[in-house]
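Colleague: Take this structure, written in C-alpha cells, and hold onto it; I'll ask about it next.
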Amino acid sequence: QGVNITPFINNLPFQKDTVRFSTSDASGSTSQAANIQEALELGASTLLIDEDTAATNFMIRDARMQALVSKDKEPISPFIAKVRALYLQRGVSSLLVIGGSGDYFDVADTVIMMDEFAPRDVTEDALNVVARFATPEGLERARLAQEAPYGSVSQRIPTCVSSGSPDLKVTTRSLGLIQFGEDEIHLGQVEQLVEKSQTRAIADTLLTFKRSYNQFLASDGKSTIAQLIDRIETAWNQKGLDVLNPTMCFGNYARPRKYEIASALNRLRSLKTSSF
C-alpha cells in the first residue's frame, strides 16, 4: 500500500501510479519490486534471491527481447540493471542463486559454483566466459549497470492500521495465516517464519499498533513504518515479548525479525499510509 516502486517499474497501463503503488492483486514483477522496496525501507543491507522463485521478467531482459520490445514500451527496469547501483549507491549486497541467467556474470563481484554439493569460487572462470562471449549489448549493459542511478526509497507513515473496533478479533490460524478482523493476512511466502509462535507475536504486534498507536508516535505525531517497528523492538528489548499482552503472560510468543513484522503490516489490506 503506497509503495514507491519507480526504481524498477514505471509507465504502467492506464497511468497507474508507481510512486505510491497500491494493489490487491500484484503481478510477479510488481510484487517483487514492492518486496525489495519494503525491505530497503526497513534498512535491509542484503537481499537473498532465488531464481526459481523470482519473476523472470523482473530479473532480466535478454538482448533479443530488448530488440523486439523497445525500452519505451517496457515498464520494467530489470533487477540486473539495478543490482550494481544497489551496492554502489545504497550499500546493499545481493546474493543470487542462479542456474540459467549467465548474463549476471557481467555484474557479479564473486561467482560461487556448487560442485557435487561443495562450494567452489569460479569468479575467474566466469570472467573468462564473459570475455569469450562478449557482445556489444553485454558490454553496454555492464556499463549502464555501473552508471545508472538506483532511484528513491520512500518512507511511509501509517495513518490507519485498521478501521475496525479496537476490540476486533485477531486469530493466528496457522504459521502463514493471520485473521485480523475481517482481513486475512497471508504469510505463506514469508519463508523466514518458521514457528507459529512468531506469527502469533506478529498478529498481536499489529493489534498493539492499532490499540496503542499514539504510544509509538514521534513527538510531531508522525512516525514511519520503520520507526514504529523500531520502537516495538525497543520495548521487547527492555521488557520482553509479553508487552504485547501485559494483562496476561501466555509464554507462547517467539520473536520475529522486523522484516517479517513489516511483511505482515504491508499485507494488511486495511492499512493506509502517507509518504514523504
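Letters A, B, ... mark the chains of the C-alpha cells in the order given; residue numbers begin at 1 per chain; ligand numbers begin at 1, in order shown.
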I need the residues of stretch 11-161 of chain A that end up classed as helix (DSSP H, G or I) by DSSP on the backbone, written out as a PDB file with N, CA, C and O atoms, in the first residue's frame.
Modeller:
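File produced: out-v7.pdb:
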ATOM      1  N   PRO A  13       0.199   0.378 -17.489  1.00  0.00           N
ATOM      2  CA  PRO A  13      -1.024   0.662 -18.259  1.00  0.00           C
ATOM      3  C   PRO A  13      -2.029   1.472 -17.443  1.00  0.00           C
ATOM      4  O   PRO A  13      -2.094   1.356 -16.206  1.00  0.00           O
ATOM      5  N   PHE A  14      -2.788   2.307 -18.136  1.00  0.00           N
ATOM      6  CA  PHE A  14      -3.833   3.143 -17.540  1.00  0.00           C
ATOM      7  C   PHE A  14      -3.262   4.157 -16.536  1.00  0.00           C
ATOM      8  O   PHE A  14      -3.956   4.582 -15.615  1.00  0.00           O
ATOM      9  N   GLN A  15      -1.965   4.523 -16.731  1.00  0.00           N
ATOM     10  CA  GLN A  15      -1.320   5.532 -15.901  1.00  0.00           C
ATOM     11  C   GLN A  15      -1.378   5.192 -14.402  1.00  0.00           C
ATOM     12  O   GLN A  15      -1.521   6.077 -13.552  1.00  0.00           O
ATOM     13  N   GLY A  28       3.750 -10.864 -10.585  1.00  0.00           N
ATOM     14  CA  GLY A  28       5.023 -11.325 -10.042  1.00  0.00           C
ATOM     15  C   GLY A  28       6.070 -10.237 -10.007  1.00  0.00           C
ATOM     16  O   GLY A  28       6.802 -10.069  -9.019  1.00  0.00           O
ATOM     17  N   SER A  29       6.160  -9.441 -11.073  1.00  0.00           N
ATOM     18  CA  SER A  29       7.192  -8.398 -11.148  1.00  0.00           C
ATOM     19  C   SER A  29       6.902  -7.245 -10.197  1.00  0.00           C
ATOM     20  O   SER A  29       7.810  -6.766  -9.496  1.00  0.00           O
ATOM     21  N   THR A  30       5.645  -6.775 -10.145  1.00  0.00           N
ATOM     22  CA  THR A  30       5.332  -5.670  -9.232  1.00  0.00           C
ATOM     23  C   THR A  30       5.432  -6.130  -7.778  1.00  0.00           C
ATOM     24  O   THR A  30       5.861  -5.359  -6.904  1.00  0.00           O
ATOM     25  N   SER A  31       5.078  -7.380  -7.511  1.00  0.00           N
ATOM     26  CA  SER A  31       5.207  -7.911  -6.155  1.00  0.00           C
ATOM     27  C   SER A  31       6.666  -7.948  -5.724  1.00  0.00           C
ATOM     28  O   SER A  31       7.013  -7.554  -4.600  1.00  0.00           O
ATOM     29  N   GLN A  32       7.567  -8.400  -6.612  1.00  0.00           N
ATOM     30  CA  GLN A  32       8.980  -8.466  -6.259  1.00  0.00           C
ATOM     31  C   GLN A  32       9.569  -7.071  -6.099  1.00  0.00           C
ATOM     32  O   GLN A  32      10.369  -6.829  -5.185  1.00  0.00           O
ATOM     33  N   ALA A  33       9.167  -6.140  -6.957  1.00  0.00           N
ATOM     34  CA  ALA A  33       9.637  -4.765  -6.823  1.00  0.00           C
ATOM     35  C   ALA A  33       9.207  -4.178  -5.483  1.00  0.00           C
ATOM     36  O   ALA A  33       9.996  -3.538  -4.775  1.00  0.00           O
ATOM     37  N   ALA A  34       7.941  -4.403  -5.108  1.00  0.00           N
ATOM     38  CA  ALA A  34       7.433  -3.879  -3.843  1.00  0.00           C
ATOM     39  C   ALA A  34       8.141  -4.527  -2.657  1.00  0.00           C
ATOM     40  O   ALA A  34       8.483  -3.854  -1.676  1.00  0.00           O
ATOM     41  N   ASN A  35       8.386  -5.838  -2.729  1.00  0.00           N
ATOM     42  CA  ASN A  35       9.068  -6.530  -1.633  1.00  0.00           C
ATOM     43  C   ASN A  35      10.465  -5.972  -1.401  1.00  0.00           C
ATOM     44  O   ASN A  35      10.899  -5.780  -0.259  1.00  0.00           O
ATOM     45  N   ILE A  36      11.190  -5.710  -2.479  1.00  0.00           N
ATOM     46  CA  ILE A  36      12.539  -5.155  -2.345  1.00  0.00           C
ATOM     47  C   ILE A  36      12.483  -3.757  -1.749  1.00  0.00           C
ATOM     48  O   ILE A  36      13.236  -3.419  -0.822  1.00  0.00           O
ATOM     49  N   GLN A  37      11.577  -2.923  -2.239  1.00  0.00           N
ATOM     50  CA  GLN A  37      11.466  -1.559  -1.733  1.00  0.00           C
ATOM     51  C   GLN A  37      11.043  -1.550  -0.265  1.00  0.00           C
ATOM     52  O   GLN A  37      11.542  -0.735   0.526  1.00  0.00           O
ATOM     53  N   GLU A  38      10.152  -2.451   0.128  1.00  0.00           N
ATOM     54  CA  GLU A  38       9.741  -2.542   1.526  1.00  0.00           C
ATOM     55  C   GLU A  38      10.906  -2.969   2.413  1.00  0.00           C
ATOM     56  O   GLU A  38      11.057  -2.476   3.537  1.00  0.00           O
ATOM     57  N   ALA A  39      11.733  -3.883   1.916  1.00  0.00           N
ATOM     58  CA  ALA A  39      12.900  -4.311   2.689  1.00  0.00           C
ATOM     59  C   ALA A  39      13.900  -3.171   2.855  1.00  0.00           C
ATOM     60  O   ALA A  39      14.468  -2.963   3.938  1.00  0.00           O
ATOM     61  N   LEU A  40      14.131  -2.411   1.783  1.00  0.00           N
ATOM     62  CA  LEU A  40      15.048  -1.276   1.869  1.00  0.00           C
ATOM     63  C   LEU A  40      14.509  -0.193   2.802  1.00  0.00           C
ATOM     64  O   LEU A  40      15.272   0.479   3.501  1.00  0.00           O
ATOM     65  N   GLU A  41      13.203  -0.036   2.819  1.00  0.00           N
ATOM     66  CA  GLU A  41      12.569   0.930   3.716  1.00  0.00           C
ATOM     67  C   GLU A  41      12.882   0.599   5.176  1.00  0.00           C
ATOM     68  O   GLU A  41      13.015   1.488   6.015  1.00  0.00           O
ATOM     69  N   GLU A  51      16.516 -17.633  -8.029  1.00  0.00           N
ATOM     70  CA  GLU A  51      15.998 -17.530  -9.391  1.00  0.00           C
ATOM     71  C   GLU A  51      14.718 -18.335  -9.578  1.00  0.00           C
ATOM     72  O   GLU A  51      13.801 -17.916 -10.300  1.00  0.00           O
ATOM     73  N   ASP A  52      14.607 -19.485  -8.911  1.00  0.00           N
ATOM     74  CA  ASP A  52      13.462 -20.370  -9.095  1.00  0.00           C
ATOM     75  C   ASP A  52      12.158 -19.737  -8.619  1.00  0.00           C
ATOM     76  O   ASP A  52      11.084 -20.080  -9.118  1.00  0.00           O
ATOM     77  N   THR A  53      12.218 -18.845  -7.626  1.00  0.00           N
ATOM     78  CA  THR A  53      11.002 -18.243  -7.080  1.00  0.00           C
ATOM     79  C   THR A  53      10.886 -16.764  -7.435  1.00  0.00           C
ATOM     80  O   THR A  53      10.006 -16.072  -6.913  1.00  0.00           O
ATOM     81  N   THR A  56      10.722 -13.935 -13.708  1.00  0.00           N
ATOM     82  CA  THR A  56      11.739 -13.919 -14.764  1.00  0.00           C
ATOM     83  C   THR A  56      11.855 -12.561 -15.420  1.00  0.00           C
ATOM     84  O   THR A  56      12.968 -12.043 -15.617  1.00  0.00           O
ATOM     85  N   ASN A  57      10.713 -11.929 -15.756  1.00  0.00           N
ATOM     86  CA  ASN A  57      10.781 -10.648 -16.450  1.00  0.00           C
ATOM     87  C   ASN A  57      11.250  -9.520 -15.543  1.00  0.00           C
ATOM     88  O   ASN A  57      11.634  -8.446 -16.019  1.00  0.00           O
ATOM     89  N   PHE A  58      11.226  -9.752 -14.227  1.00  0.00           N
ATOM     90  CA  PHE A  58      11.777  -8.769 -13.297  1.00  0.00           C
ATOM     91  C   PHE A  58      13.289  -8.903 -13.196  1.00  0.00           C
ATOM     92  O   PHE A  58      14.003  -7.918 -13.023  1.00  0.00           O
ATOM     93  N   MET A  59      13.793 -10.112 -13.319  1.00  0.00           N
ATOM     94  CA  MET A  59      15.217 -10.360 -13.100  1.00  0.00           C
ATOM     95  C   MET A  59      16.065  -9.984 -14.306  1.00  0.00           C
ATOM     96  O   MET A  59      17.204  -9.529 -14.154  1.00  0.00           O
ATOM     97  N   ALA A  63      19.001  -9.763 -24.794  1.00  0.00           N
ATOM     98  CA  ALA A  63      19.210  -8.873 -25.947  1.00  0.00           C
ATOM     99  C   ALA A  63      18.106  -9.038 -26.988  1.00  0.00           C
ATOM    100  O   ALA A  63      17.660  -8.059 -27.600  1.00  0.00           O
ATOM    101  N   ARG A  64      17.651 -10.258 -27.205  1.00  0.00           N
ATOM    102  CA  ARG A  64      16.615 -10.479 -28.210  1.00  0.00           C
ATOM    103  C   ARG A  64      15.292  -9.826 -27.804  1.00  0.00           C
ATOM    104  O   ARG A  64      14.596  -9.224 -28.627  1.00  0.00           O
ATOM    105  N   MET A  65      14.960  -9.939 -26.521  1.00  0.00           N
ATOM    106  CA  MET A  65      13.722  -9.316 -26.063  1.00  0.00           C
ATOM    107  C   MET A  65      13.823  -7.795 -26.122  1.00  0.00           C
ATOM    108  O   MET A  65      12.860  -7.111 -26.491  1.00  0.00           O
ATOM    109  N   GLN A  66      15.001  -7.266 -25.797  1.00  0.00           N
ATOM    110  CA  GLN A  66      15.191  -5.823 -25.888  1.00  0.00           C
ATOM    111  C   GLN A  66      15.103  -5.341 -27.334  1.00  0.00           C
ATOM    112  O   GLN A  66      14.622  -4.233 -27.602  1.00  0.00           O
ATOM    113  N   ALA A  67      15.562  -6.173 -28.261  1.00  0.00           N
ATOM    114  CA  ALA A  67      15.493  -5.795 -29.675  1.00  0.00           C
ATOM    115  C   ALA A  67      14.052  -5.792 -30.172  1.00  0.00           C
ATOM    116  O   ALA A  67      13.678  -4.962 -31.014  1.00  0.00           O
ATOM    117  N   LEU A  68      13.237  -6.706 -29.643  1.00  0.00           N
ATOM    118  CA  LEU A  68      11.852  -6.797 -30.086  1.00  0.00           C
ATOM    119  C   LEU A  68      10.969  -5.745 -29.421  1.00  0.00           C
ATOM    120  O   LEU A  68      10.152  -5.093 -30.076  1.00  0.00           O
ATOM    121  N   LYS A  71      12.635  -0.021 -25.193  1.00  0.00           N
ATOM    122  CA  LYS A  71      12.633   0.371 -23.792  1.00  0.00           C
ATOM    123  C   LYS A  71      11.438   1.240 -23.442  1.00  0.00           C
ATOM    124  O   LYS A  71      10.883   1.148 -22.340  1.00  0.00           O
ATOM    125  N   ASP A  72      11.003   2.100 -24.366  1.00  0.00           N
ATOM    126  CA  ASP A  72       9.886   2.998 -24.077  1.00  0.00           C
ATOM    127  C   ASP A  72       8.553   2.256 -24.005  1.00  0.00           C
ATOM    128  O   ASP A  72       7.552   2.799 -23.530  1.00  0.00           O
ATOM    129  N   LYS A  73       8.524   0.996 -24.459  1.00  0.00           N
ATOM    130  CA  LYS A  73       7.305   0.199 -24.380  1.00  0.00           C
ATOM    131  C   LYS A  73       7.344  -0.826 -23.242  1.00  0.00           C
ATOM    132  O   LYS A  73       6.381  -1.565 -23.041  1.00  0.00           O
ATOM    133  N   PHE A  79      16.101  -6.249 -12.572  1.00  0.00           N
ATOM    134  CA  PHE A  79      16.998  -6.222 -11.423  1.00  0.00           C
ATOM    135  C   PHE A  79      18.460  -6.187 -11.850  1.00  0.00           C
ATOM    136  O   PHE A  79      19.281  -5.542 -11.194  1.00  0.00           O
ATOM    137  N   ILE A  80      18.799  -6.852 -12.953  1.00  0.00           N
ATOM    138  CA  ILE A  80      20.191  -6.880 -13.414  1.00  0.00           C
ATOM    139  C   ILE A  80      20.701  -5.475 -13.727  1.00  0.00           C
ATOM    140  O   ILE A  80      21.901  -5.197 -13.617  1.00  0.00           O
ATOM    141  N   ALA A  81      19.795  -4.560 -14.081  1.00  0.00           N
ATOM    142  CA  ALA A  81      20.188  -3.192 -14.390  1.00  0.00           C
ATOM    143  C   ALA A  81      20.339  -2.336 -13.137  1.00  0.00           C
ATOM    144  O   ALA A  81      20.860  -1.221 -13.207  1.00  0.00           O
ATOM    145  N   VAL A  83      21.268  -3.906  -9.855  1.00  0.00           N
ATOM    146  CA  VAL A  83      21.968  -4.595  -8.773  1.00  0.00           C
ATOM    147  C   VAL A  83      23.283  -3.913  -8.405  1.00  0.00           C
ATOM    148  O   VAL A  83      23.660  -3.852  -7.231  1.00  0.00           O
ATOM    149  N   ARG A  84      24.009  -3.373  -9.404  1.00  0.00           N
ATOM    150  CA  ARG A  84      25.252  -2.664  -9.093  1.00  0.00           C
ATOM    151  C   ARG A  84      24.981  -1.351  -8.372  1.00  0.00           C
ATOM    152  O   ARG A  84      25.670  -0.986  -7.417  1.00  0.00           O
ATOM    153  N   ALA A  85      23.950  -0.630  -8.818  1.00  0.00           N
ATOM    154  CA  ALA A  85      23.589   0.628  -8.161  1.00  0.00           C
ATOM    155  C   ALA A  85      23.144   0.384  -6.721  1.00  0.00           C
ATOM    156  O   ALA A  85      23.430   1.194  -5.828  1.00  0.00           O
ATOM    157  N   LEU A  86      22.462  -0.715  -6.496  1.00  0.00           N
ATOM    158  CA  LEU A  86      22.057  -1.061  -5.132  1.00  0.00           C
ATOM    159  C   LEU A  86      23.269  -1.139  -4.209  1.00  0.00           C
ATOM    160  O   LEU A  86      23.246  -0.658  -3.072  1.00  0.00           O
ATOM    161  N   TYR A  87      24.334  -1.747  -4.721  1.00  0.00           N
ATOM    162  CA  TYR A  87      25.541  -1.908  -3.915  1.00  0.00           C
ATOM    163  C   TYR A  87      26.360  -0.618  -3.833  1.00  0.00           C
ATOM    164  O   TYR A  87      26.759  -0.186  -2.752  1.00  0.00           O
ATOM    165  N   LEU A  88      26.590   0.002  -4.977  1.00  0.00           N
ATOM    166  CA  LEU A  88      27.474   1.161  -5.020  1.00  0.00           C
ATOM    167  C   LEU A  88      26.853   2.404  -4.387  1.00  0.00           C
ATOM    168  O   LEU A  88      27.553   3.199  -3.749  1.00  0.00           O
ATOM    169  N   GLN A  89      25.543   2.566  -4.531  1.00  0.00           N
ATOM    170  CA  GLN A  89      24.896   3.790  -4.069  1.00  0.00           C
ATOM    171  C   GLN A  89      24.162   3.636  -2.740  1.00  0.00           C
ATOM    172  O   GLN A  89      24.023   4.607  -2.000  1.00  0.00           O
ATOM    173  N   ARG A  90      23.702   2.419  -2.438  1.00  0.00           N
ATOM    174  CA  ARG A  90      22.946   2.225  -1.199  1.00  0.00           C
ATOM    175  C   ARG A  90      23.597   1.235  -0.248  1.00  0.00           C
ATOM    176  O   ARG A  90      23.082   0.993   0.852  1.00  0.00           O
ATOM    177  N   GLY A 102      23.138 -16.532 -17.146  1.00  0.00           N
ATOM    178  CA  GLY A 102      24.562 -16.233 -17.182  1.00  0.00           C
ATOM    179  C   GLY A 102      24.886 -14.768 -17.409  1.00  0.00           C
ATOM    180  O   GLY A 102      26.021 -14.338 -17.174  1.00  0.00           O
ATOM    181  N   ASP A 103      23.895 -13.958 -17.836  1.00  0.00           N
ATOM    182  CA  ASP A 103      24.138 -12.527 -18.015  1.00  0.00           C
ATOM    183  C   ASP A 103      24.554 -11.852 -16.710  1.00  0.00           C
ATOM    184  O   ASP A 103      25.186 -10.797 -16.730  1.00  0.00           O
ATOM    185  N   TYR A 104      24.201 -12.464 -15.577  1.00  0.00           N
ATOM    186  CA  TYR A 104      24.586 -11.872 -14.293  1.00  0.00           C
ATOM    187  C   TYR A 104      26.094 -11.941 -14.053  1.00  0.00           C
ATOM    188  O   TYR A 104      26.613 -11.248 -13.176  1.00  0.00           O
ATOM    189  N   PHE A 105      26.817 -12.768 -14.825  1.00  0.00           N
ATOM    190  CA  PHE A 105      28.274 -12.769 -14.716  1.00  0.00           C
ATOM    191  C   PHE A 105      28.837 -11.382 -15.013  1.00  0.00           C
ATOM    192  O   PHE A 105      29.881 -10.991 -14.477  1.00  0.00           O
ATOM    193  N   ASP A 106      28.153 -10.626 -15.886  1.00  0.00           N
ATOM    194  CA  ASP A 106      28.627  -9.293 -16.268  1.00  0.00           C
ATOM    195  C   ASP A 106      28.686  -8.335 -15.087  1.00  0.00           C
ATOM    196  O   ASP A 106      29.469  -7.389 -15.092  1.00  0.00           O
ATOM    197  N   THR A 123      34.997 -17.322  -9.847  1.00  0.00           N
ATOM    198  CA  THR A 123      34.889 -15.949 -10.348  1.00  0.00           C
ATOM    199  C   THR A 123      35.779 -15.735 -11.568  1.00  0.00           C
ATOM    200  O   THR A 123      35.352 -15.152 -12.576  1.00  0.00           O
ATOM    201  N   GLU A 124      37.021 -16.203 -11.495  1.00  0.00           N
ATOM    202  CA  GLU A 124      37.947 -16.014 -12.623  1.00  0.00           C
ATOM    203  C   GLU A 124      37.440 -16.734 -13.868  1.00  0.00           C
ATOM    204  O   GLU A 124      37.499 -16.194 -14.984  1.00  0.00           O
ATOM    205  N   ASP A 125      36.902 -17.933 -13.676  1.00  0.00           N
ATOM    206  CA  ASP A 125      36.350 -18.661 -14.819  1.00  0.00           C
ATOM    207  C   ASP A 125      35.156 -17.905 -15.416  1.00  0.00           C
ATOM    208  O   ASP A 125      34.998 -17.847 -16.644  1.00  0.00           O
ATOM    209  N   ALA A 126      34.324 -17.336 -14.558  1.00  0.00           N
ATOM    210  CA  ALA A 126      33.150 -16.601 -15.037  1.00  0.00           C
ATOM    211  C   ALA A 126      33.578 -15.363 -15.832  1.00  0.00           C
ATOM    212  O   ALA A 126      32.973 -15.046 -16.870  1.00  0.00           O
ATOM    213  N   LEU A 127      34.626 -14.686 -15.375  1.00  0.00           N
ATOM    214  CA  LEU A 127      35.125 -13.516 -16.105  1.00  0.00           C
ATOM    215  C   LEU A 127      35.679 -13.921 -17.470  1.00  0.00           C
ATOM    216  O   LEU A 127      35.528 -13.187 -18.458  1.00  0.00           O
ATOM    217  N   ASN A 128      36.305 -15.083 -17.527  1.00  0.00           N
ATOM    218  CA  ASN A 128      36.794 -15.584 -18.820  1.00  0.00           C
ATOM    219  C   ASN A 128      35.634 -15.894 -19.757  1.00  0.00           C
ATOM    220  O   ASN A 128      35.722 -15.645 -20.969  1.00  0.00           O
ATOM    221  N   VAL A 129      34.557 -16.430 -19.204  1.00  0.00           N
ATOM    222  CA  VAL A 129      33.362 -16.696 -20.011  1.00  0.00           C
ATOM    223  C   VAL A 129      32.783 -15.388 -20.540  1.00  0.00           C
ATOM    224  O   VAL A 129      32.398 -15.292 -21.716  1.00  0.00           O
ATOM    225  N   VAL A 130      32.730 -14.373 -19.681  1.00  0.00           N
ATOM    226  CA  VAL A 130      32.223 -13.061 -20.107  1.00  0.00           C
ATOM    227  C   VAL A 130      33.059 -12.517 -21.262  1.00  0.00           C
ATOM    228  O   VAL A 130      32.520 -12.024 -22.268  1.00  0.00           O
ATOM    229  N   ALA A 131      34.388 -12.625 -21.135  1.00  0.00           N
ATOM    230  CA  ALA A 131      35.267 -12.119 -22.198  1.00  0.00           C
ATOM    231  C   ALA A 131      35.100 -12.917 -23.489  1.00  0.00           C
ATOM    232  O   ALA A 131      35.087 -12.356 -24.590  1.00  0.00           O
ATOM    233  N   ARG A 132      34.922 -14.231 -23.357  1.00  0.00           N
ATOM    234  CA  ARG A 132      34.835 -15.072 -24.536  1.00  0.00           C
ATOM    235  C   ARG A 132      33.530 -14.846 -25.305  1.00  0.00           C
ATOM    236  O   ARG A 132      33.496 -14.915 -26.518  1.00  0.00           O
ATOM    237  N   PRO A 136      28.456  -6.489 -27.959  1.00  0.00           N
ATOM    238  CA  PRO A 136      28.245  -5.058 -27.729  1.00  0.00           C
ATOM    239  C   PRO A 136      27.104  -4.796 -26.739  1.00  0.00           C
ATOM    240  O   PRO A 136      27.191  -3.907 -25.898  1.00  0.00           O
ATOM    241  N   GLU A 137      26.037  -5.615 -26.840  1.00  0.00           N
ATOM    242  CA  GLU A 137      24.903  -5.437 -25.939  1.00  0.00           C
ATOM    243  C   GLU A 137      25.309  -5.724 -24.486  1.00  0.00           C
ATOM    244  O   GLU A 137      24.931  -4.996 -23.568  1.00  0.00           O
ATOM    245  N   GLY A 138      26.088  -6.791 -24.299  1.00  0.00           N
ATOM    246  CA  GLY A 138      26.521  -7.133 -22.952  1.00  0.00           C
ATOM    247  C   GLY A 138      27.441  -6.091 -22.359  1.00  0.00           C
ATOM    248  O   GLY A 138      27.337  -5.746 -21.179  1.00  0.00           O
ATOM    249  N   LEU A 139      28.368  -5.582 -23.161  1.00  0.00           N
ATOM    250  CA  LEU A 139      29.279  -4.532 -22.683  1.00  0.00           C
ATOM    251  C   LEU A 139      28.517  -3.265 -22.316  1.00  0.00           C
ATOM    252  O   LEU A 139      28.812  -2.611 -21.317  1.00  0.00           O
ATOM    253  N   GLU A 140      27.524  -2.929 -23.140  1.00  0.00           N
ATOM    254  CA  GLU A 140      26.714  -1.744 -22.865  1.00  0.00           C
ATOM    255  C   GLU A 140      25.887  -1.941 -21.601  1.00  0.00           C
ATOM    256  O   GLU A 140      25.756  -1.021 -20.780  1.00  0.00           O
ATOM    257  N   ARG A 141      25.350  -3.142 -21.415  1.00  0.00           N
ATOM    258  CA  ARG A 141      24.564  -3.423 -20.220  1.00  0.00           C
ATOM    259  C   ARG A 141      25.428  -3.292 -18.968  1.00  0.00           C
ATOM    260  O   ARG A 141      25.006  -2.703 -17.960  1.00  0.00           O
ATOM    261  N   ALA A 142      26.651  -3.815 -19.023  1.00  0.00           N
ATOM    262  CA  ALA A 142      27.544  -3.728 -17.872  1.00  0.00           C
ATOM    263  C   ALA A 142      27.912  -2.272 -17.580  1.00  0.00           C
ATOM    264  O   ALA A 142      27.981  -1.850 -16.420  1.00  0.00           O
ATOM    265  N   ARG A 143      28.130  -1.480 -18.638  1.00  0.00           N
ATOM    266  CA  ARG A 143      28.474  -0.070 -18.441  1.00  0.00           C
ATOM    267  C   ARG A 143      27.305   0.679 -17.809  1.00  0.00           C
ATOM    268  O   ARG A 143      27.487   1.446 -16.848  1.00  0.00           O
ATOM    269  N   LEU A 144      26.108   0.459 -18.330  1.00  0.00           N
ATOM    270  CA  LEU A 144      24.937   1.145 -17.794  1.00  0.00           C
ATOM    271  C   LEU A 144      24.656   0.737 -16.355  1.00  0.00           C
ATOM    272  O   LEU A 144      24.219   1.557 -15.532  1.00  0.00           O
ATOM    273  N   ALA A 145      24.885  -0.539 -16.039  1.00  0.00           N
ATOM    274  CA  ALA A 145      24.655  -1.020 -14.678  1.00  0.00           C
ATOM    275  C   ALA A 145      25.564  -0.312 -13.684  1.00  0.00           C
ATOM    276  O   ALA A 145      25.190  -0.092 -12.525  1.00  0.00           O
ATOM    277  N   GLN A 146      26.775   0.039 -14.112  1.00  0.00           N
ATOM    278  CA  GLN A 146      27.708   0.748 -13.237  1.00  0.00           C
ATOM    279  C   GLN A 146      27.295   2.203 -13.035  1.00  0.00           C
ATOM    280  O   GLN A 146      27.551   2.795 -11.986  1.00  0.00           O
ATOM    281  N   GLU A 147      26.669   2.797 -14.042  1.00  0.00           N
ATOM    282  CA  GLU A 147      26.413   4.237 -14.024  1.00  0.00           C
ATOM    283  C   GLU A 147      24.985   4.610 -13.647  1.00  0.00           C
ATOM    284  O   GLU A 147      24.738   5.744 -13.210  1.00  0.00           O
TER     285      GLU A 147
END
Colleague: Calculated over only C-alpha atoms, which of the candidates A:Ser223, A:Ser77, A:Gln198, A:Ser162 has the smallest distance to A:Phe8?
Modeller: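 Result for the nearest residue to A:Phe8: A:Ser77.
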Colleague: Choose the residue, out of A:Ala201, A:Val170, A:Ala264, A:Ala226, that has the smallest atom-to-atom separation from A:Leu187; count only C-alpha atoms.
Modeller: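 Residue with the minimum atom-to-atom distance to A:Leu187: A:Ala264.
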Colleague: Could you pull out the residues in stretch 29-266 of chain A that DSSP calls strand (DSSP E or B) from the backbone, as a VMD selection string?
Modeller: chain A and resid 46 to 50 76 93 to 97 112 to 115 118 to 121 156 to 160 170 to 174 177 to 180 183 to 186
Colleague: So that I can see what lies close to A:Leu271, please list as a tab-separated table (two decimals) with N, CA, C and O atoms, in the first residue's frame the residues with an atom at most 10 Å from it, counting only C-alpha atoms and leaving out residues fewer than 6 positions away in the same chain.
Modeller:
chain	number	residue	atom	x	y	z
A	1	GLN	N	0.84	-1.18	0.00
A	1	GLN	CA	0.00	0.00	0.00
A	1	GLN	C	0.89	1.24	0.00
A	1	GLN	O	1.66	1.46	0.92
A	2	GLY	N	0.82	2.01	-1.10
A	2	GLY	CA	1.56	3.26	-1.18
A	2	GLY	C	3.07	3.11	-1.31
A	2	GLY	O	3.82	3.97	-0.86
A	158	PRO	N	2.19	5.21	8.47
A	158	PRO	CA	0.88	4.59	8.56
A	158	PRO	C	-0.12	5.54	9.22
A	158	PRO	O	0.10	6.02	10.32
A	159	THR	N	-1.19	5.84	8.53
A	159	THR	CA	-2.21	6.73	9.06
A	159	THR	C	-3.40	5.96	9.62
A	159	THR	O	-4.18	6.50	10.39
A	160	CYS	N	-3.52	4.70	9.24
A	160	CYS	CA	-4.59	3.85	9.77
A	160	CYS	C	-4.16	2.40	9.62
A	160	CYS	O	-3.85	1.95	8.52
A	161	VAL	N	-4.10	1.67	10.73
A	161	VAL	CA	-3.77	0.24	10.68
A	161	VAL	C	-5.02	-0.57	10.35
A	161	VAL	O	-4.97	-1.49	9.54
A	162	SER	N	-6.12	-0.22	10.97
A	162	SER	CA	-7.39	-0.88	10.68
A	162	SER	C	-8.51	0.02	11.14
A	162	SER	O	-8.41	0.66	12.19
A	163	SER	N	-9.57	0.07	10.36
A	163	SER	CA	-10.69	0.94	10.71
A	163	SER	C	-11.71	0.25	11.62
A	163	SER	O	-12.70	0.85	12.01
A	265	LEU	N	2.41	-6.31	8.09
A	265	LEU	CA	1.77	-4.99	8.05
A	265	LEU	C	1.49	-4.57	6.61
A	265	LEU	O	0.41	-4.04	6.30
Colleague: Taking only residues of stretch 126-160 of chain A that have an atom at most 12 Å from an atom of stretch 20-23 of chain A, what is each one's shortest atom pair and its distance in Å to one decimal, using only C-alpha atoms, in chain and number order, as a tab-separated table?
Modeller:
residue	atom	partner	partner_atom	distance
A:Ser152	CA	A:Arg20	CA	11.8
A:Val153	CA	A:Arg20	CA	11.0
A:Ser154	CA	A:Arg20	CA	9.0
A:Gln155	CA	A:Arg20	CA	10.8
A:Arg156	CA	A:Arg20	CA	9.5
Colleague: Could the residues in this selection be written to a file with C-alpha atoms, as a PDB file, in the first residue's frame?
Modeller:
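Full text of again_11.pdb as output:
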ATOM      1  CA  SER A 152      14.259   6.577  -4.483  1.00  0.00           C
ATOM      2  CA  VAL A 153      13.156   4.606  -1.436  1.00  0.00           C
ATOM      3  CA  SER A 154      10.206   6.395   0.169  1.00  0.00           C
ATOM      4  CA  GLN A 155       9.488   6.241   3.887  1.00  0.00           C
ATOM      5  CA  ARG A 156       5.789   5.674   4.564  1.00  0.00           C
TER       6      ARG A 156
END
Colleague: Nearest to A:Tyr150: which of A:Arg173, A:Lys82, A:Lys222, A:Lys16 is it, counting only C-alpha atoms?
Modeller: A:Lys82
